[in-house]
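K.L.:
Got a structure for you, questions after.
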Amino acid sequence: MTILVTGGTGTLGNHVVPLLRAAGRDLRVLSRTPRAGVDGIEFVTGDLLRGEGVEAAVAGVDTILHLAGGPKGDDVATRNLVDAAAGARHIVYIGVIAAENLPLGYFRAKADSERAIIDSGLPHTI
């Protein structure tokens, strides 16, 4: 079982990826910057905001751990991901509790990301 990790080279991903590898999981990490693979980790180049490389990243994975995020565009990036993820068995997303109730753009985008995952019909954990 291969797990795709978006944001695997970011702040949260730098903590999660080593733990998954230590647990013996095979990983594919989506990165905007080309990187050489290392033991048990395949890097795929792509950009969630632009929708580039996403289909290749999700091809053949069972689980998607969606950790990628930023100050703008999380909703667009998540929609691009779920649009390409039809064959995945499960998607896990790091959401924000009560994001839909907070009147700031970042939290609206987080809430819209959560909604995109829910509406996708994919089995999910938020």
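Chain labels follow the order of the structure tokens: the first chain is A, the next B, and so on; residue numbering restarts at 1 in every chain, and ligands are counted from 1 in their shown order.
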Excluding region 59-74 of chain A and residues on its chain fewer than 5 positions from it, collect all residues at most 9 Å away from it, counting only C-alpha atoms, and give them as a ChimeraX atom specification.
P.N.:
/A:1-10,12-13,28,48-49,54,79,81,84-85,87-94,105-106,109-110,112-113
K.L.:
Would you return as a ChimeraX atom specification the members of chain A that DSSP assigns to strand (DSSP E or B) on this structure's backbone?
P.N.:
/A:2-6,26-31,38,41-45,47,52,63-66,90-93,124-125
